[in-house]
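Visitor: Contents of start-v7.txt (compact mmCIF, C-alpha atoms and all ligand atoms) are given next:
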```
# COMPACT_ATOMS: atom_id res chain seq x y z
CA MET A 1 116.44 8.17 169.95
CA ALA A 2 114.30 8.76 166.89
CA GLN A 3 116.49 7.18 164.22
CA PRO A 4 117.14 9.88 161.61
CA LEU A 5 117.16 7.64 158.51
CA CYS A 6 116.15 4.10 157.58
CA THR A 7 118.61 1.51 156.30
CA LEU A 8 116.05 -0.19 154.06
CA ARG A 9 112.47 0.26 152.91
CA GLU A 10 110.14 -1.31 150.38
CA ASP A 11 109.25 0.77 147.34
CA GLY A 12 106.59 -0.92 145.21
CA ASP A 13 108.19 -4.03 143.79
CA ALA A 14 111.72 -2.98 144.74
CA LEU A 15 113.86 -2.47 147.84
CA VAL A 16 115.54 0.85 148.60
CA VAL A 17 118.70 0.79 150.77
CA LEU A 18 120.93 3.43 152.27
CA ASP A 19 124.23 3.16 150.35
CA GLN A 20 126.88 2.87 153.08
CA THR A 21 129.74 3.11 150.59
CA CYS A 22 128.85 6.83 150.28
CA LEU A 23 128.85 7.49 154.04
CA PRO A 24 129.82 9.43 156.03
CA GLY A 25 130.27 11.99 153.24
CA GLU A 26 126.94 11.64 151.47
CA VAL A 27 123.50 10.26 152.30
CA SER A 28 122.40 8.40 149.20
CA TYR A 29 119.77 5.71 148.61
CA VAL A 30 119.95 3.03 145.92
CA ARG A 31 117.04 1.08 144.46
CA LEU A 32 117.45 -2.70 144.25
CA ALA A 33 115.06 -4.27 141.75
CA THR A 34 116.75 -7.57 140.88
CA LEU A 35 118.49 -10.52 142.51
CA GLU A 36 121.81 -9.38 141.01
CA GLN A 37 121.44 -5.88 142.46
CA ALA A 38 120.62 -7.24 145.92
CA ALA A 39 123.55 -9.69 145.85
CA ASP A 40 125.90 -6.98 144.61
CA ALA A 41 124.77 -4.54 147.32
CA ILE A 42 125.76 -7.12 149.96
CA ARG A 43 129.03 -8.08 148.24
CA VAL A 44 130.32 -4.53 147.80
CA MET A 45 129.00 -3.51 151.25
CA ARG A 46 126.38 -0.95 150.25
CA VAL A 47 124.61 -2.79 153.02
CA ARG A 48 126.74 -4.28 155.76
CA GLY A 49 126.47 -5.52 159.33
CA ALA A 50 125.21 -9.03 160.01
CA PRO A 51 121.49 -8.34 160.69
CA LEU A 52 121.12 -5.94 157.76
CA ILE A 53 122.85 -8.39 155.42
CA GLY A 54 120.32 -11.05 156.49
CA ALA A 55 117.27 -8.84 155.93
CA THR A 56 118.55 -7.60 152.56
CA ALA A 57 119.16 -11.18 151.44
CA ALA A 58 115.59 -12.12 152.39
CA TYR A 59 114.28 -9.30 150.20
CA GLY A 60 116.72 -10.45 147.49
CA VAL A 61 114.84 -13.76 147.40
CA ALA A 62 111.54 -11.90 146.90
CA LEU A 63 113.08 -9.86 144.07
CA ALA A 64 114.38 -13.04 142.43
CA LEU A 65 111.08 -14.89 142.63
CA GLN A 66 109.07 -12.04 141.15
CA HIS A 67 111.36 -12.26 138.09
CA GLY A 68 110.71 -15.99 137.82
CA ILE A 69 114.11 -17.07 139.15
CA ASP A 70 114.21 -20.42 140.86
CA LEU A 71 114.27 -20.33 144.70
CA ALA A 72 117.31 -22.61 145.02
CA ARG A 73 119.33 -20.54 142.54
CA ALA A 74 118.45 -17.30 144.32
CA ILE A 75 119.46 -18.72 147.68
CA ASP A 76 122.75 -20.08 146.30
CA GLN A 77 123.64 -16.76 144.71
CA LEU A 78 122.86 -14.75 147.84
CA THR A 79 124.62 -17.25 150.14
CA SER A 80 127.88 -16.76 148.21
CA THR A 81 128.03 -12.98 148.78
CA ARG A 82 129.72 -12.88 152.21
CA PRO A 83 130.85 -15.89 154.26
CA THR A 84 131.09 -14.92 157.93
CA ALA A 85 127.83 -13.23 158.99
CA VAL A 86 125.54 -16.16 159.78
CA ASN A 87 122.42 -13.95 159.68
CA LEU A 88 122.71 -14.28 155.90
CA ARG A 89 122.37 -18.07 155.97
CA TRP A 90 119.80 -17.88 158.79
CA ALA A 91 117.52 -15.54 156.81
CA LEU A 92 117.88 -17.55 153.61
CA GLU A 93 117.11 -20.82 155.41
CA ARG A 94 114.00 -19.21 156.91
CA MET A 95 112.93 -18.10 153.42
CA ARG A 96 113.56 -21.60 152.06
CA ARG A 97 111.48 -23.26 154.79
CA ARG A 98 108.57 -20.86 154.32
CA LEU A 99 108.56 -20.91 150.50
CA ALA A 100 109.65 -24.38 149.43
CA ALA A 101 106.11 -25.77 149.02
CA LEU A 102 104.55 -22.70 147.32
CA THR A 103 104.13 -21.76 143.64
CA GLY A 104 102.79 -18.92 141.45
CA PRO A 105 101.55 -15.57 142.80
CA GLN A 106 101.25 -17.02 146.28
CA LEU A 107 104.99 -17.75 146.24
CA VAL A 108 105.96 -14.16 145.42
CA ALA A 109 103.48 -12.57 147.85
CA THR A 110 104.62 -14.85 150.67
CA ALA A 111 108.29 -14.10 149.92
CA TRP A 112 107.64 -10.37 150.42
CA GLN A 113 105.67 -11.08 153.61
CA GLU A 114 108.42 -13.27 155.03
CA ALA A 115 111.16 -10.77 154.20
CA ARG A 116 109.08 -8.08 155.92
CA ALA A 117 108.65 -10.35 158.97
CA ILE A 118 112.42 -10.89 159.15
CA ALA A 119 113.02 -7.14 159.00
CA ASP A 120 110.35 -6.44 161.64
CA ALA A 121 111.78 -9.13 163.93
CA ASP A 122 115.23 -7.57 163.69
CA ARG A 123 113.85 -4.18 164.66
CA ALA A 124 112.09 -5.66 167.71
CA ALA A 125 115.07 -7.81 168.76
CA ASN A 126 117.46 -4.87 168.70
CA GLN A 127 115.10 -2.72 170.71
CA ALA A 128 115.01 -5.46 173.36
CA ILE A 129 118.83 -5.70 173.26
CA GLY A 130 118.85 -1.99 174.04
CA ARG A 131 116.63 -2.52 177.09
CA HIS A 132 118.73 -5.39 178.47
CA GLY A 133 121.97 -3.53 177.78
CA LEU A 134 120.59 -0.50 179.59
CA ASP A 135 120.23 -2.60 182.76
CA LEU A 136 123.97 -3.34 182.56
CA LEU A 137 124.81 0.32 182.03
CA ARG A 138 122.64 1.41 184.97
CA ALA A 139 124.71 -0.89 187.20
CA MET A 140 127.97 0.89 186.31
CA PRO A 141 129.38 2.60 189.42
CA SER A 142 130.08 6.08 188.04
CA LEU A 143 129.14 8.59 185.37
CA PRO A 144 129.86 9.33 182.61
CA ILE A 145 129.95 5.72 181.43
CA ARG A 146 133.01 5.33 179.21
CA LEU A 147 132.10 2.60 176.74
CA MET A 148 134.36 1.30 174.00
CA THR A 149 133.01 -0.25 170.80
CA HIS A 150 134.58 -1.54 167.61
CA CYS A 151 133.53 -1.39 163.96
CA ASN A 152 129.92 -0.32 163.39
CA ALA A 153 127.16 -2.23 165.14
CA GLY A 154 124.73 0.67 165.25
CA TRP A 155 121.45 1.21 163.42
CA LEU A 156 123.36 1.37 160.13
CA ALA A 157 124.28 -2.29 160.53
CA THR A 158 120.73 -3.46 161.25
CA VAL A 159 117.16 -2.82 160.15
CA ALA A 160 116.90 -0.43 163.13
CA HIS A 161 118.37 0.46 166.54
CA GLY A 162 121.70 -1.40 166.19
CA THR A 163 123.07 -4.09 168.48
CA ALA A 164 126.16 -2.84 170.33
CA LEU A 165 124.87 0.73 170.11
CA ALA A 166 121.27 -0.10 171.07
CA PRO A 167 122.14 0.11 174.82
CA VAL A 168 123.91 3.43 174.16
CA TYR A 169 120.80 4.89 172.54
CA ALA A 170 118.64 3.47 175.35
CA ALA A 171 120.99 5.04 177.90
CA GLN A 172 120.72 8.39 176.18
CA ALA A 173 116.93 8.17 176.25
CA ALA A 174 117.15 7.34 179.99
CA GLY A 175 119.32 10.39 180.63
CA LEU A 176 122.55 8.49 181.43
CA ASP A 177 125.72 10.38 180.57
CA MET A 178 127.76 8.37 178.03
CA GLN A 179 131.18 8.79 176.43
CA VAL A 180 131.90 6.35 173.59
CA TRP A 181 135.35 5.35 172.37
CA VAL A 182 135.05 4.43 168.70
CA SER A 183 137.88 2.51 167.07
CA GLU A 184 138.39 3.23 163.41
CA THR A 185 138.38 -0.40 162.18
CA ARG A 186 141.10 -0.98 159.66
CA PRO A 187 141.02 -1.30 156.69
CA ARG A 188 137.45 -0.18 155.87
CA ASN A 189 137.02 2.49 158.53
CA GLN A 190 133.58 1.40 159.70
CA GLY A 191 134.39 3.33 162.91
CA LEU A 192 133.72 6.48 160.93
CA LEU A 193 130.18 5.19 160.42
CA THR A 194 129.80 4.78 164.17
CA ALA A 195 131.19 8.28 164.78
CA TRP A 196 128.74 9.63 162.20
CA GLU A 197 125.79 7.82 163.85
CA LEU A 198 126.72 9.05 167.31
CA ALA A 199 127.17 12.60 166.05
CA GLN A 200 123.67 12.48 164.52
CA ALA A 201 122.33 11.42 167.92
CA GLY A 202 124.32 14.02 169.85
CA ILE A 203 126.19 11.39 171.91
CA ALA A 204 129.72 12.26 173.07
CA HIS A 205 132.30 10.14 171.26
CA THR A 206 135.97 10.04 170.35
CA LEU A 207 137.50 8.25 167.37
CA ILE A 208 140.71 6.30 168.07
CA ALA A 209 143.08 4.16 166.05
CA ASP A 210 142.44 0.48 166.75
CA ASN A 211 145.87 0.16 168.36
CA ALA A 212 145.09 2.89 170.92
CA ALA A 213 142.57 0.68 172.73
CA GLY A 214 145.12 -1.06 175.00
CA LEU A 215 146.65 2.20 176.18
CA LEU A 216 143.25 3.72 177.05
CA MET A 217 142.32 0.61 179.02
CA MET A 218 145.66 0.64 180.85
CA GLN A 219 145.10 4.30 181.75
CA GLY A 220 141.74 3.44 183.36
CA ARG A 221 139.73 5.39 180.81
CA VAL A 222 137.38 2.58 179.72
CA ASP A 223 134.55 1.20 181.90
CA LEU A 224 133.26 -1.52 179.60
CA VAL A 225 133.40 -2.75 176.02
CA ILE A 226 130.35 -3.70 173.92
CA VAL A 227 130.78 -4.96 170.35
CA GLY A 228 128.52 -6.70 167.84
CA ALA A 229 128.92 -10.15 166.29
CA ASP A 230 128.83 -11.77 162.89
CA ARG A 231 128.57 -15.34 164.12
CA ILE A 232 128.47 -16.83 167.60
CA ALA A 233 129.32 -20.52 167.81
CA ALA A 234 127.29 -22.83 170.08
CA ASN A 235 130.05 -22.70 172.73
CA GLY A 236 130.00 -18.86 172.78
CA ASP A 237 133.16 -18.23 170.72
CA THR A 238 132.33 -15.10 168.74
CA ALA A 239 133.40 -13.85 165.31
CA ASN A 240 133.35 -10.10 164.85
CA LYS A 241 135.31 -7.49 162.91
CA ILE A 242 139.08 -8.01 162.89
CA GLY A 243 140.61 -6.43 165.98
CA THR A 244 137.81 -7.47 168.33
CA TYR A 245 139.88 -10.29 169.84
CA LEU A 246 142.75 -7.93 170.74
CA LYS A 247 140.29 -5.65 172.53
CA ALA A 248 138.92 -8.62 174.47
CA LEU A 249 142.45 -9.66 175.51
CA ALA A 250 143.32 -6.14 176.63
CA ALA A 251 140.00 -5.83 178.48
CA ARG A 252 140.71 -9.08 180.35
CA ALA A 253 144.22 -7.90 181.24
CA HIS A 254 142.78 -4.73 182.79
CA GLY A 255 139.68 -6.22 184.44
CA ILE A 256 137.24 -4.47 182.11
CA PRO A 257 133.98 -6.29 181.25
CA PHE A 258 133.74 -7.22 177.58
CA TYR A 259 130.23 -7.84 176.20
CA ILE A 260 128.84 -8.99 172.87
CA ALA A 261 125.45 -7.63 171.75
CA ALA A 262 123.63 -9.70 169.12
CA PRO A 263 120.22 -11.12 168.29
CA VAL A 264 119.68 -14.88 168.58
CA SER A 265 119.72 -14.99 164.74
CA THR A 266 123.50 -14.40 164.99
CA ILE A 267 124.02 -17.62 166.97
CA ASP A 268 125.00 -20.58 164.82
CA PHE A 269 123.84 -23.52 166.92
CA ASP A 270 125.20 -25.90 164.27
CA CYS A 271 128.73 -24.55 164.66
CA PRO A 272 130.35 -26.18 167.71
CA ASP A 273 133.18 -23.68 168.26
CA GLY A 274 135.02 -20.72 166.81
CA SER A 275 137.55 -22.80 164.87
CA ARG A 276 134.70 -23.78 162.50
CA ILE A 277 133.63 -20.21 161.66
CA PRO A 278 134.58 -19.24 158.07
CA ILE A 279 136.64 -16.04 158.04
CA GLU A 280 136.24 -13.68 155.10
CA GLU A 281 139.54 -12.82 153.39
CA ARG A 282 139.33 -9.46 151.66
CA ALA A 283 141.20 -7.89 148.76
CA ALA A 284 144.87 -6.97 149.21
CA ALA A 285 144.18 -3.57 147.66
CA GLU A 286 142.32 -2.53 150.84
CA LEU A 287 145.66 -2.56 152.66
CA ALA A 288 148.33 -1.82 150.06
CA ALA A 289 148.64 -0.91 146.42
CA GLY A 290 151.14 -2.83 144.29
CA ALA A 291 153.12 -5.97 144.87
CA VAL A 292 153.28 -6.10 148.70
CA PRO A 293 152.29 -9.53 150.04
CA VAL A 294 149.11 -8.96 152.08
CA ALA A 295 146.90 -10.98 154.43
CA ASN A 296 143.55 -9.28 155.01
CA PRO A 297 141.20 -11.35 157.20
CA ALA A 298 138.06 -9.30 157.87
CA PHE A 299 137.01 -11.02 161.12
CA ASP A 300 138.55 -12.69 164.15
CA VAL A 301 137.22 -14.98 166.85
CA THR A 302 137.05 -14.05 170.52
CA PRO A 303 137.01 -17.13 172.78
CA ALA A 304 133.92 -17.45 175.00
CA GLY A 305 136.12 -17.32 178.10
CA LEU A 306 136.93 -13.65 177.44
CA ILE A 307 133.26 -12.63 177.15
CA ALA A 308 131.43 -11.32 180.24
CA GLY A 309 128.04 -11.94 178.65
CA ILE A 310 126.04 -11.89 175.42
CA ILE A 311 123.30 -9.26 175.33
CA THR A 312 120.44 -10.79 173.35
CA GLU A 313 116.77 -9.93 172.94
CA GLN A 314 116.05 -12.65 175.52
CA GLY A 315 118.36 -11.13 178.13
CA VAL A 316 122.05 -11.13 179.01
CA ILE A 317 123.32 -14.71 178.79
CA ALA A 318 126.66 -16.21 179.86
CA ALA A 319 128.58 -17.21 176.72
CA ASP A 320 128.64 -20.86 177.86
CA ARG A 321 124.85 -20.99 178.44
CA LEU A 322 123.58 -20.33 174.91
CA GLY A 323 121.77 -23.66 174.90
CA THR A 324 119.18 -22.14 177.26
CA LEU A 325 117.97 -19.65 174.62
CA ARG A 326 114.70 -20.11 172.71
CA ARG A 327 115.38 -20.44 168.95
O1 LIG B 1 132.27 -6.19 157.44
P1 LIG B 1 131.08 -5.58 158.14
O2 LIG B 1 131.15 -4.10 158.22
O3 LIG B 1 129.77 -6.11 157.61
O4 LIG B 1 131.24 -6.12 159.64
C1 LIG B 1 130.36 -5.66 160.61
C2 LIG B 1 130.67 -6.15 161.97
O5 LIG B 1 131.67 -6.80 162.21
C3 LIG B 1 129.63 -5.90 163.01
O6 LIG B 1 130.22 -5.76 164.28
C4 LIG B 1 128.64 -7.07 163.05
O7 LIG B 1 128.21 -7.40 161.77
C5 LIG B 1 127.47 -6.75 163.90
S1 LIG B 1 126.43 -5.53 163.16
C6 LIG B 1 125.12 -5.25 164.19
```
Would you mind writing the file's structure down as structure tokens?

Guide:
Amino acid sequence: MAQPLCTLREDGDALVVLDQTCLPGEVSYVRLATLEQAADAIRVMRVRGAPLIGATAAYGVALALQHGIDLARAIDQLTSTRPTAVNLRWALERMRRRLAALTGPQLVATAWQEARAIADADRAANQAIGRHGLDLLRAMPSLPIRLMTHCNAGWLATVAHGTALAPVYAAQAAGLDMQVWVSETRPRNQGLLTAWELAQAGIAHTLIADNAAGLLMMQGRVDLVIVGADRIAANGDTANKIGTYLKALAARAHGIPFYIAAPVSTIDFDCPDGSRIPIEERAAAELAAGAVPVANPAFDVTPAGLIAGIITEQGVIAADRLGTLRR
């Protein structure tokens, strides 16, 4: 699929991003020229999705340095924007390693180069995820392939191609007939972003309430599930948008393969298991106005044992074999 729009692009000494808070109603781009603007865009989810958050943060460092802001301060400020997606910390650590010994104009120029390299690597990794995921889809016994996904892990959530949707786009290009179940993702409705993406691409899809997933699986109307990830622990336990775990449980109960699609940059090799993954708690107002007591965790953790495989740019890996990947 030729992706219709870009999620980010450089514009002189600024970064321009597609403002996802306006979608699906309006396509609008916003110019980020300062560290504060980049950090705010991540915090309020103008950009969202783990890989895109990481790339935007890398550019945020370049914006900070060109205004004379100290590298450590920039990294601290960007790190604090969202806690769960490890691509944020991964990208910032990569920036720190590359830039720590540099000064002056060389520092700023190298920061832009490194941010660009991170963005380019994400594009290439997701394209490879699409190819490996396509091999799985080709092995499905019948057409159309009825795939369920959750939240938005399409091109909107990455620099390009998407993760969970990359195999869907590759399948379309290969002429495989696909039908995608898209769950709405309470409370932020990122499923509407997925429906919008698939509509742009002309791929058959149906929006469902999150709680409809179990019924559809029980009725035999789902062939496989592919979702993205915000952080994968070293043992394969995987954090993704709240509601993912329930889908994995229902998929196991009905013998449906449940896959994660994510680049290696989403694996936190320093995090031994899912109990150590920080879970973002979001504002009560997203669920209820007024004085209702609210708990609003934005992510959950799916145990490795429920995952049929992790589709990475290096191939499809068993969740308990992540140690074999090249970092
Ligand atoms: O809160 P969000 O919308 O940033 O959460 C996004 C997800 O949970 C995605 O599934 C994940 O980041 C992978 S995006 C390729």

Visitor: Determine, counting all atoms listed in the file, which protein, DNA and RNA residues have an atom within 9 Å of an atom of range 195-200 of chain A; residues of the same chain fewer than 5 positions away are not included. Present the result as a PyMOL selection string.

Guide: chain A and resi 3-4+23-24+152+154-156+165+169+180+182+184+190+205-207

Visitor: Give me the chain A side of the contact with ligand LIG 1 (chain B), cut-off 7 Å, one line per residue showing its nearest atom pair and distance in Å at one decimal, counting all atoms listed in the file, sorted by chain and residue number, as a tab-separated table.

Guide:
```
residue	atom	partner	partner_atom	distance
A:Met45	CA	B:LIG1	O3	6.9
A:Arg48	CA	B:LIG1	O3	4.0
A:Gly49	CA	B:LIG1	O7	3.5
A:Ala50	CA	B:LIG1	O7	3.8
A:Pro51	CA	B:LIG1	C6	5.9
A:Ala85	CA	B:LIG1	O7	6.5
A:His150	CA	B:LIG1	O6	6.9
A:Cys151	CA	B:LIG1	O6	5.5
A:Asn152	CA	B:LIG1	O6	5.5
A:Ala153	CA	B:LIG1	C6	3.8
A:Gly154	CA	B:LIG1	C6	6.0
A:Ala157	CA	B:LIG1	S1	4.7
A:Thr158	CA	B:LIG1	C6	5.6
A:Gly162	CA	B:LIG1	C6	5.5
A:Thr163	CA	B:LIG1	C6	4.9
A:Ala164	CA	B:LIG1	C6	6.7
A:Gln190	CA	B:LIG1	O2	6.2
A:Val227	CA	B:LIG1	O6	6.1
A:Gly228	CA	B:LIG1	O6	4.1
A:Ala229	CA	B:LIG1	C5	4.4
A:Asp230	CA	B:LIG1	O7	4.6
A:Asn240	CA	B:LIG1	O5	4.5
A:Lys241	CA	B:LIG1	O5	3.8
A:Ala262	CA	B:LIG1	C6	6.8
A:Ala298	CA	B:LIG1	O1	6.6
A:Phe299	CA	B:LIG1	O5	6.9
```

Visitor: CA of Tyr245 in chain A and CA of Asp300 in chain A, how far apart in Å?

Guide: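 Straight-line distance from CA of Asp300 in chain A to CA of Tyr245 in chain A works out to 6.3 Å.
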
Visitor: Calculate how many Å separate CA of Leu32 in chain A from CA of Met1 in chain A, rounding to one decimal.

Guide: 27.9 Å

Visitor: Just checking: using only C-alpha atoms, which residue out of A:Cys6, A:Met178, A:Ala91, A:Val294 ends up closest to Val47 in chain A?

Guide: A:Cys6

Visitor: Counting all atoms listed in the file, find residues at most 8 Å from (126.3, -14.4, 168.9) (file frame) and give them as a list in words.

Guide: Ala229, Asp230, Arg231, Ile232, Ala233, Gly236, Thr238, Ala239, Ile260, Ala261, Ala262, Pro263, Val264, Ser265, Thr266, Ile267, Asp268 and Ile310 of chain A

Visitor: If I wrap all listed atoms of range 212-219 of chain A in a box with edges along x, y and z and add 4 Å on each side, what are its centre and edge lengths in Å to one decimal, as lines of an AutoDock Vina configuration file?

Guide:
```
center_x = 144.5
center_y = 1.6
center_z = 176.3
size_x = 12.3
size_y = 13.4
size_z = 18.8
```

Visitor: How many Å lie between CA of Ala304 in chain A and CA of Met217 in chain A, rounded to one decimal?

Guide: 20.3 Å

Visitor: Give the answer as one residue: which of A:Thr302, A:Gln179, A:Thr84, A:Asn189 has the shortest atom-to-atom distance to Ser142 in chain A, using all atoms listed in the file?

Guide: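 Among the listed residues, the smallest separation from Ser142 in chain A belongs to A:Gln179.
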
Visitor: Which residue gives the smallest distance to Gly25 in chain A among A:Leu193, A:Ala119, A:Gln172, A:Gly60, with only C-alpha atoms counted?

Guide: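 Comparing A:Leu193, A:Ala119, A:Gln172, A:Gly60 against Gly25 in chain A, the winner is A:Leu193.
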
Visitor: Which one of A:Ala14, A:Ala201, A:Val225, A:Val159 sits closest to Gln37 in chain A if you count all atoms listed in the file?

Guide: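 Among A:Ala14, A:Ala201, A:Val225, A:Val159, it is A:Ala14 that comes nearest to Gln37 in chain A.
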
Visitor: Rank nothing, just name the residue among A:Ile118, A:Leu216, A:Pro83, A:Leu224 nearest to Ala139 in chain A, using all atoms listed in the file.

Guide: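 Nearest to Ala139 in chain A: A:Leu224.
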
Visitor: Name the residues in contact with Ala173 in chain A at a cut-off of 12 Å, using all atoms listed in the file, excluding same-chain residues fewer than 5 positions from it; report them as a ChimeraX atom specification.

Guide: /A:1-2,130-131,134,166-168,178,201-203
